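**Q** Starting off with a structure, shown below.
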Amino acid sequence: MSDESPGDALAEAGYRTVPDELGGRAARGWWDANAQEYLDEHGAFLGPEDLLWCPEGLRESHARLLGDVHGARVLEIGAGAAQGTRWLQKVAGARAVATDVSAGMLAAAARLDAAAGVRVPLVQADARSLPFADACFDVVFTAFGALPFVPDAPRVHAEVARVLRPGGRWVFSVTHPLRWAFPDDPGVGGLTATRSYFDRRPYVETATDGRVLYAEYHRTVADHVADVVGAGFVLDGLVEPEWPAGHERVWGGWGPVRGARLPGTLIVRAHRPPA
């Protein structure tokens, strides 16, 4: 049963309930269709081999959120074109593997590999069902990958907990939940809340025949913390990157106007308890 009512402006703008199985399947097709367009728009900022955590420009080379990964087994989920994995392997000395649900994104990753002269292990996989043995990685991470595009995030956290060794780290970045209360506008139009922070209806795009083409899911800060703790992790900290002075790039709803006033990214750091 739908929780939308006639004349619901937010539902008309795309914030509406859809069956979980339809929303959860949409990501693969959407990223297959839009992989190259996304990289054409953002590829220069992402770099061919760099671990960028967020549109604020926070990079792992500066933040060191993963710790010392030299020689470590590292898994990136929702890796896109594997820029982060490529940097970890080539620069940080990690034994890194990239996974993504989208064949289109992994094809783009293979092209970047060829251009960079490296070969990153690429695996097509849904983050909710990882094709790896238990306790085989030292670190798992994702930068805006996987979690926003599934209705059942606890399954992702459970799979990460399964493949991590005891003591292993889990780090992920997502759109800051506060942003969902505001229009997705990088200018002054995005500074006035128009939606309840507690309205958890996903943002959905559909085809003319009703097929779900894209679905992105909102969780509050408390939801993210509960999911992490519920999967057996110990929460190590939350990071809310500030918008840096002189950074003028606009990326979707991110930009200097909103960035000076509202957080745009939430990064969660956790670890699996030692045995």
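Going by the structure tokens order, chains are called A, B, ..., each with residues numbered from 1, while ligands are numbered from 1 in the order shown.
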Hey, could you make a per-residue contact list for segment 69-180 of chain A against segment 263-271 of chain A with 7 Å as the cut-off, showing the nearest pair of atoms and its distance in Å to one decimal, counting only C-alpha atoms, sorted by chain and number, as JSON lines?
**A**
{"residue": "A:Gly167", "atom": "CA", "partner": "A:His271", "partner_atom": "CA", "distance": 6.0}
{"residue": "A:Gly168", "atom": "CA", "partner": "A:His271", "partner_atom": "CA", "distance": 5.5}
{"residue": "A:Arg169", "atom": "CA", "partner": "A:His271", "partner_atom": "CA", "distance": 4.3}
{"residue": "A:Trp170", "atom": "CA", "partner": "A:Ala270", "partner_atom": "CA", "distance": 5.2}
{"residue": "A:Val171", "atom": "CA", "partner": "A:Arg269", "partner_atom": "CA", "distance": 4.6}
{"residue": "A:Phe172", "atom": "CA", "partner": "A:Val268", "partner_atom": "CA", "distance": 5.5}
{"residue": "A:Ser173", "atom": "CA", "partner": "A:Ile267", "partner_atom": "CA", "distance": 4.2}
{"residue": "A:Val174", "atom": "CA", "partner": "A:Leu266", "partner_atom": "CA", "distance": 5.5}
{"residue": "A:Thr175", "atom": "CA", "partner": "A:Thr265", "partner_atom": "CA", "distance": 4.7}
{"residue": "A:His176", "atom": "CA", "partner": "A:Thr265", "partner_atom": "CA", "distance": 4.2}
{"residue": "A:Arg179", "atom": "CA", "partner": "A:Gly264", "partner_atom": "CA", "distance": 6.5}
**Q** Next, dump the selected residues to file, keeping only N, CA and C atoms, as an mmCIF file, in the first residue's frame.
**A**
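After the write, part.cif holds the following:
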data_model
loop_
_atom_site.group_PDB
_atom_site.id
_atom_site.type_symbol
_atom_site.label_atom_id
_atom_site.label_comp_id
_atom_site.auth_asym_id
_atom_site.auth_seq_id
_atom_site.Cartn_x
_atom_site.Cartn_y
_atom_site.Cartn_z
ATOM 1 N N GLY A 167 39.051 -7.560 13.942
ATOM 2 C CA GLY A 167 39.891 -6.376 14.039
ATOM 3 C C GLY A 167 39.933 -5.545 12.778
ATOM 4 N N GLY A 168 39.317 -6.042 11.684
ATOM 5 C CA GLY A 168 39.347 -5.338 10.408
ATOM 6 C C GLY A 168 38.481 -4.095 10.408
ATOM 7 N N ARG A 169 38.811 -3.151 9.513
ATOM 8 C CA ARG A 169 38.136 -1.855 9.469
ATOM 9 C C ARG A 169 37.086 -1.786 8.359
ATOM 10 N N TRP A 170 36.017 -1.044 8.652
ATOM 11 C CA TRP A 170 34.926 -0.782 7.700
ATOM 12 C C TRP A 170 34.689 0.714 7.705
ATOM 13 N N VAL A 171 34.882 1.341 6.527
ATOM 14 C CA VAL A 171 34.742 2.791 6.395
ATOM 15 C C VAL A 171 33.870 3.074 5.176
ATOM 16 N N PHE A 172 32.855 3.940 5.347
ATOM 17 C CA PHE A 172 32.007 4.281 4.208
ATOM 18 C C PHE A 172 31.560 5.733 4.287
ATOM 19 N N SER A 173 31.365 6.332 3.100
ATOM 20 C CA SER A 173 30.827 7.685 3.028
ATOM 21 C C SER A 173 29.505 7.654 2.279
ATOM 22 N N VAL A 174 28.590 8.522 2.732
ATOM 23 C CA VAL A 174 27.264 8.646 2.133
ATOM 24 C C VAL A 174 26.877 10.120 2.134
ATOM 25 N N THR A 175 25.846 10.449 1.356
ATOM 26 C CA THR A 175 25.262 11.779 1.469
ATOM 27 C C THR A 175 24.868 12.022 2.926
ATOM 28 N N HIS A 176 25.207 13.186 3.449
ATOM 29 C CA HIS A 176 24.843 13.459 4.837
ATOM 30 C C HIS A 176 23.321 13.403 4.966
ATOM 31 N N ARG A 179 20.930 16.384 4.554
ATOM 32 C CA ARG A 179 20.669 16.948 3.235
ATOM 33 C C ARG A 179 19.281 16.582 2.695
#
**Q** Going by DSSP on the backbone, which bits of segment 160-217 of chain A are helix (DSSP H, G or I)? Write them as a PyMOL selection string, please.
**A** chain A and resi 160-163+177-181+188-190
**Q** Save the residues we just selected, N, CA and C atoms, as a JSON list (two decimals), in the first residue's frame?
**A**
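That gives us selection_7.json:
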[["chain", "number", "residue", "atom", "x", "y", "z"],
["A", 160, "VAL", "N", 29.81, -7.27, 4.85],
["A", 160, "VAL", "CA", 31.11, -6.69, 5.18],
["A", 160, "VAL", "C", 31.66, -7.33, 6.44],
["A", 161, "ALA", "N", 30.82, -7.49, 7.47],
["A", 161, "ALA", "CA", 31.27, -8.13, 8.71],
["A", 161, "ALA", "C", 31.74, -9.56, 8.46],
["A", 162, "ARG", "N", 31.07, -10.24, 7.55],
["A", 162, "ARG", "CA", 31.44, -11.63, 7.26],
["A", 162, "ARG", "C", 32.81, -11.73, 6.60],
["A", 163, "VAL", "N", 33.10, -10.85, 5.63],
["A", 163, "VAL", "CA", 34.36, -11.00, 4.88],
["A", 163, "VAL", "C", 35.55, -10.33, 5.58],
["A", 177, "PRO", "N", 22.81, 12.63, 5.92],
["A", 177, "PRO", "CA", 21.35, 12.48, 6.04],
["A", 177, "PRO", "C", 20.60, 13.80, 6.19],
["A", 178, "LEU", "N", 21.21, 14.80, 6.79],
["A", 178, "LEU", "CA", 20.55, 16.09, 6.94],
["A", 178, "LEU", "C", 20.15, 16.68, 5.60],
["A", 179, "ARG", "N", 20.93, 16.38, 4.55],
["A", 179, "ARG", "CA", 20.67, 16.95, 3.23],
["A", 179, "ARG", "C", 19.28, 16.58, 2.70],
["A", 180, "TRP", "N", 18.75, 15.45, 3.15],
["A", 180, "TRP", "CA", 17.47, 14.99, 2.61],
["A", 180, "TRP", "C", 16.30, 15.89, 3.01],
["A", 181, "ALA", "N", 16.49, 16.72, 4.01],
["A", 181, "ALA", "CA", 15.43, 17.65, 4.40],
["A", 181, "ALA", "C", 15.37, 18.88, 3.50],
["A", 188, "VAL", "N", 21.21, 29.03, -3.09],
["A", 188, "VAL", "CA", 20.40, 29.48, -1.96],
["A", 188, "VAL", "C", 19.07, 28.72, -1.89],
["A", 189, "GLY", "N", 18.60, 28.19, -3.01],
["A", 189, "GLY", "CA", 17.37, 27.40, -3.00],
["A", 189, "GLY", "C", 17.48, 26.13, -2.20],
["A", 190, "GLY", "N", 18.70, 25.71, -1.92],
["A", 190, "GLY", "CA", 18.91, 24.49, -1.14],
["A", 190, "GLY", "C", 19.14, 24.74, 0.34]]
**Q** Between A:Ala81, A:Ala115, A:Val150, A:Ala96, which is the closest to Leu39 of chain A once you count only C-alpha atoms?
**A** A:Ala81
**Q** Using only C-alpha atoms, find each residue of segment 23-85 of chain A with at least one atom at most 10 Å away from an atom of segment 127-132 of chain A; report its shortest atom-to-atom pair and that distance in Å (one decimal), sort the rows by chain and rising residue number, and return the result as JSON lines.
**A**
{"residue": "A:Glu76", "atom": "CA", "partner": "A:Ala127", "partner_atom": "CA", "distance": 9.7}
{"residue": "A:Ile77", "atom": "CA", "partner": "A:Ala127", "partner_atom": "CA", "distance": 6.2}
{"residue": "A:Gly78", "atom": "CA", "partner": "A:Ala127", "partner_atom": "CA", "distance": 7.2}
**Q** Write out the residues from the selection above, keeping C-alpha atoms, as a PDB file, in the first residue's frame.
**A**
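Output file result.pdb is given in full below:
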ATOM      1  CA  GLU A  76      36.196  -1.707  -2.250  1.00  0.00           C
ATOM      2  CA  ILE A  77      32.461  -2.224  -2.755  1.00  0.00           C
ATOM      3  CA  GLY A  78      30.465  -0.021  -5.101  1.00  0.00           C
TER       4      GLY A  78
END
**Q** Mind the document's chain letters and residue numbers, and return as a VMD selection string the residues of segment 59-181 of chain A that DSSP labels strand (DSSP E).
**A** chain A and resid 73 to 76 95 to 100 122 to 124 137 to 143 164 to 175
**Q** Could the residues in this selection be written to a file with N, CA and C atoms, as an mmCIF file, in the first residue's frame?
**A**
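Final file, out21.cif:
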data_model
loop_
_atom_site.group_PDB
_atom_site.id
_atom_site.type_symbol
_atom_site.label_atom_id
_atom_site.label_comp_id
_atom_site.auth_asym_id
_atom_site.auth_seq_id
_atom_site.Cartn_x
_atom_site.Cartn_y
_atom_site.Cartn_z
ATOM 1 N N ARG A 73 45.046 -6.622 2.764
ATOM 2 C CA ARG A 73 44.003 -7.044 1.832
ATOM 3 C C ARG A 73 42.829 -6.086 1.982
ATOM 4 N N VAL A 74 42.517 -5.349 0.909
ATOM 5 C CA VAL A 74 41.498 -4.304 0.965
ATOM 6 C C VAL A 74 40.437 -4.569 -0.098
ATOM 7 N N LEU A 75 39.179 -4.422 0.282
ATOM 8 C CA LEU A 75 38.058 -4.599 -0.642
ATOM 9 C C LEU A 75 37.298 -3.290 -0.762
ATOM 10 N N GLU A 76 37.070 -2.842 -2.001
ATOM 11 C CA GLU A 76 36.196 -1.707 -2.250
ATOM 12 C C GLU A 76 34.893 -2.221 -2.835
ATOM 13 N N ARG A 95 46.964 -4.700 -1.255
ATOM 14 C CA ARG A 95 46.493 -5.770 -2.146
ATOM 15 C C ARG A 95 44.978 -5.591 -2.249
ATOM 16 N N ALA A 96 44.555 -4.810 -3.234
ATOM 17 C CA ALA A 96 43.187 -4.315 -3.266
ATOM 18 C C ALA A 96 42.370 -4.960 -4.376
ATOM 19 N N VAL A 97 41.071 -5.128 -4.101
ATOM 20 C CA VAL A 97 40.109 -5.704 -5.035
ATOM 21 C C VAL A 97 38.922 -4.755 -5.136
ATOM 22 N N ALA A 98 38.395 -4.550 -6.350
ATOM 23 C CA ALA A 98 37.254 -3.677 -6.567
ATOM 24 C C ALA A 98 36.039 -4.494 -6.988
ATOM 25 N N THR A 99 34.888 -4.198 -6.390
ATOM 26 C CA THR A 99 33.640 -4.808 -6.829
ATOM 27 C C THR A 99 32.624 -3.721 -7.142
ATOM 28 N N ASP A 100 31.753 -4.007 -8.098
ATOM 29 C CA ASP A 100 30.636 -3.125 -8.401
ATOM 30 C C ASP A 100 29.540 -3.967 -9.028
ATOM 31 N N LEU A 122 38.969 -6.899 -10.726
ATOM 32 C CA LEU A 122 37.613 -6.354 -10.845
ATOM 33 C C LEU A 122 36.610 -7.501 -10.762
ATOM 34 N N VAL A 123 35.624 -7.361 -9.886
ATOM 35 C CA VAL A 123 34.634 -8.409 -9.671
ATOM 36 C C VAL A 123 33.243 -7.787 -9.727
ATOM 37 N N GLN A 124 32.385 -8.318 -10.597
ATOM 38 C CA GLN A 124 31.008 -7.844 -10.617
ATOM 39 C C GLN A 124 30.231 -8.561 -9.519
ATOM 40 N N PHE A 137 39.507 -10.259 4.351
ATOM 41 C CA PHE A 137 39.990 -8.905 4.103
ATOM 42 C C PHE A 137 40.333 -8.203 5.416
ATOM 43 N N ASP A 138 41.321 -7.308 5.327
ATOM 44 C CA ASP A 138 41.722 -6.500 6.482
ATOM 45 C C ASP A 138 40.943 -5.196 6.565
ATOM 46 N N VAL A 139 40.518 -4.681 5.410
ATOM 47 C CA VAL A 139 39.800 -3.409 5.329
ATOM 48 C C VAL A 139 38.754 -3.528 4.231
ATOM 49 N N VAL A 140 37.557 -2.991 4.480
ATOM 50 C CA VAL A 140 36.528 -2.846 3.456
ATOM 51 C C VAL A 140 36.083 -1.387 3.482
ATOM 52 N N PHE A 141 35.846 -0.821 2.311
ATOM 53 C CA PHE A 141 35.400 0.574 2.261
ATOM 54 C C PHE A 141 34.535 0.808 1.047
ATOM 55 N N THR A 142 33.811 1.909 1.074
ATOM 56 C CA THR A 142 33.111 2.412 -0.099
ATOM 57 C C THR A 142 32.936 3.914 0.037
ATOM 58 N N ALA A 143 33.110 4.626 -1.053
ATOM 59 C CA ALA A 143 32.906 6.070 -1.103
ATOM 60 C C ALA A 143 31.665 6.336 -1.948
ATOM 61 N N LEU A 164 35.283 -9.521 6.618
ATOM 62 C CA LEU A 164 36.371 -8.888 7.363
ATOM 63 C C LEU A 164 36.949 -9.837 8.398
ATOM 64 N N ARG A 165 38.257 -9.784 8.555
ATOM 65 C CA ARG A 165 38.889 -10.519 9.651
ATOM 66 C C ARG A 165 38.578 -9.811 10.968
ATOM 67 N N PRO A 166 38.660 -10.527 12.098
ATOM 68 C CA PRO A 166 38.507 -9.853 13.392
ATOM 69 C C PRO A 166 39.521 -8.710 13.531
ATOM 70 N N GLY A 167 39.051 -7.560 13.942
ATOM 71 C CA GLY A 167 39.891 -6.376 14.039
ATOM 72 C C GLY A 167 39.933 -5.545 12.778
ATOM 73 N N GLY A 168 39.317 -6.042 11.684
ATOM 74 C CA GLY A 168 39.347 -5.338 10.408
ATOM 75 C C GLY A 168 38.481 -4.095 10.408
ATOM 76 N N ARG A 169 38.811 -3.151 9.513
ATOM 77 C CA ARG A 169 38.136 -1.855 9.469
ATOM 78 C C ARG A 169 37.086 -1.786 8.359
ATOM 79 N N TRP A 170 36.017 -1.044 8.652
ATOM 80 C CA TRP A 170 34.926 -0.782 7.700
ATOM 81 C C TRP A 170 34.689 0.714 7.705
ATOM 82 N N VAL A 171 34.882 1.341 6.527
ATOM 83 C CA VAL A 171 34.742 2.791 6.395
ATOM 84 C C VAL A 171 33.870 3.074 5.176
ATOM 85 N N PHE A 172 32.855 3.940 5.347
ATOM 86 C CA PHE A 172 32.007 4.281 4.208
ATOM 87 C C PHE A 172 31.560 5.733 4.287
ATOM 88 N N SER A 173 31.365 6.332 3.100
ATOM 89 C CA SER A 173 30.827 7.685 3.028
ATOM 90 C C SER A 173 29.505 7.654 2.279
ATOM 91 N N VAL A 174 28.590 8.522 2.732
ATOM 92 C CA VAL A 174 27.264 8.646 2.133
ATOM 93 C C VAL A 174 26.877 10.120 2.134
ATOM 94 N N THR A 175 25.846 10.449 1.356
ATOM 95 C CA THR A 175 25.262 11.779 1.469
ATOM 96 C C THR A 175 24.868 12.022 2.926
#
**Q** Point out the residue among A:Gly57, A:Gly24, A:Gly80, A:Gly93 with the least atom-to-atom distance to Ala107 of chain A, counting only C-alpha atoms.
**A**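 Closest candidate: A:Gly80.
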**Q** Using only C-alpha atoms for the distances, tell me which of A:Ala27, A:Val204, A:Ala108, A:Val228 is nearest to Ala11 of chain A.
**A**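 Using only C-alpha atoms, Ala11 of chain A sits closest to A:Val204.
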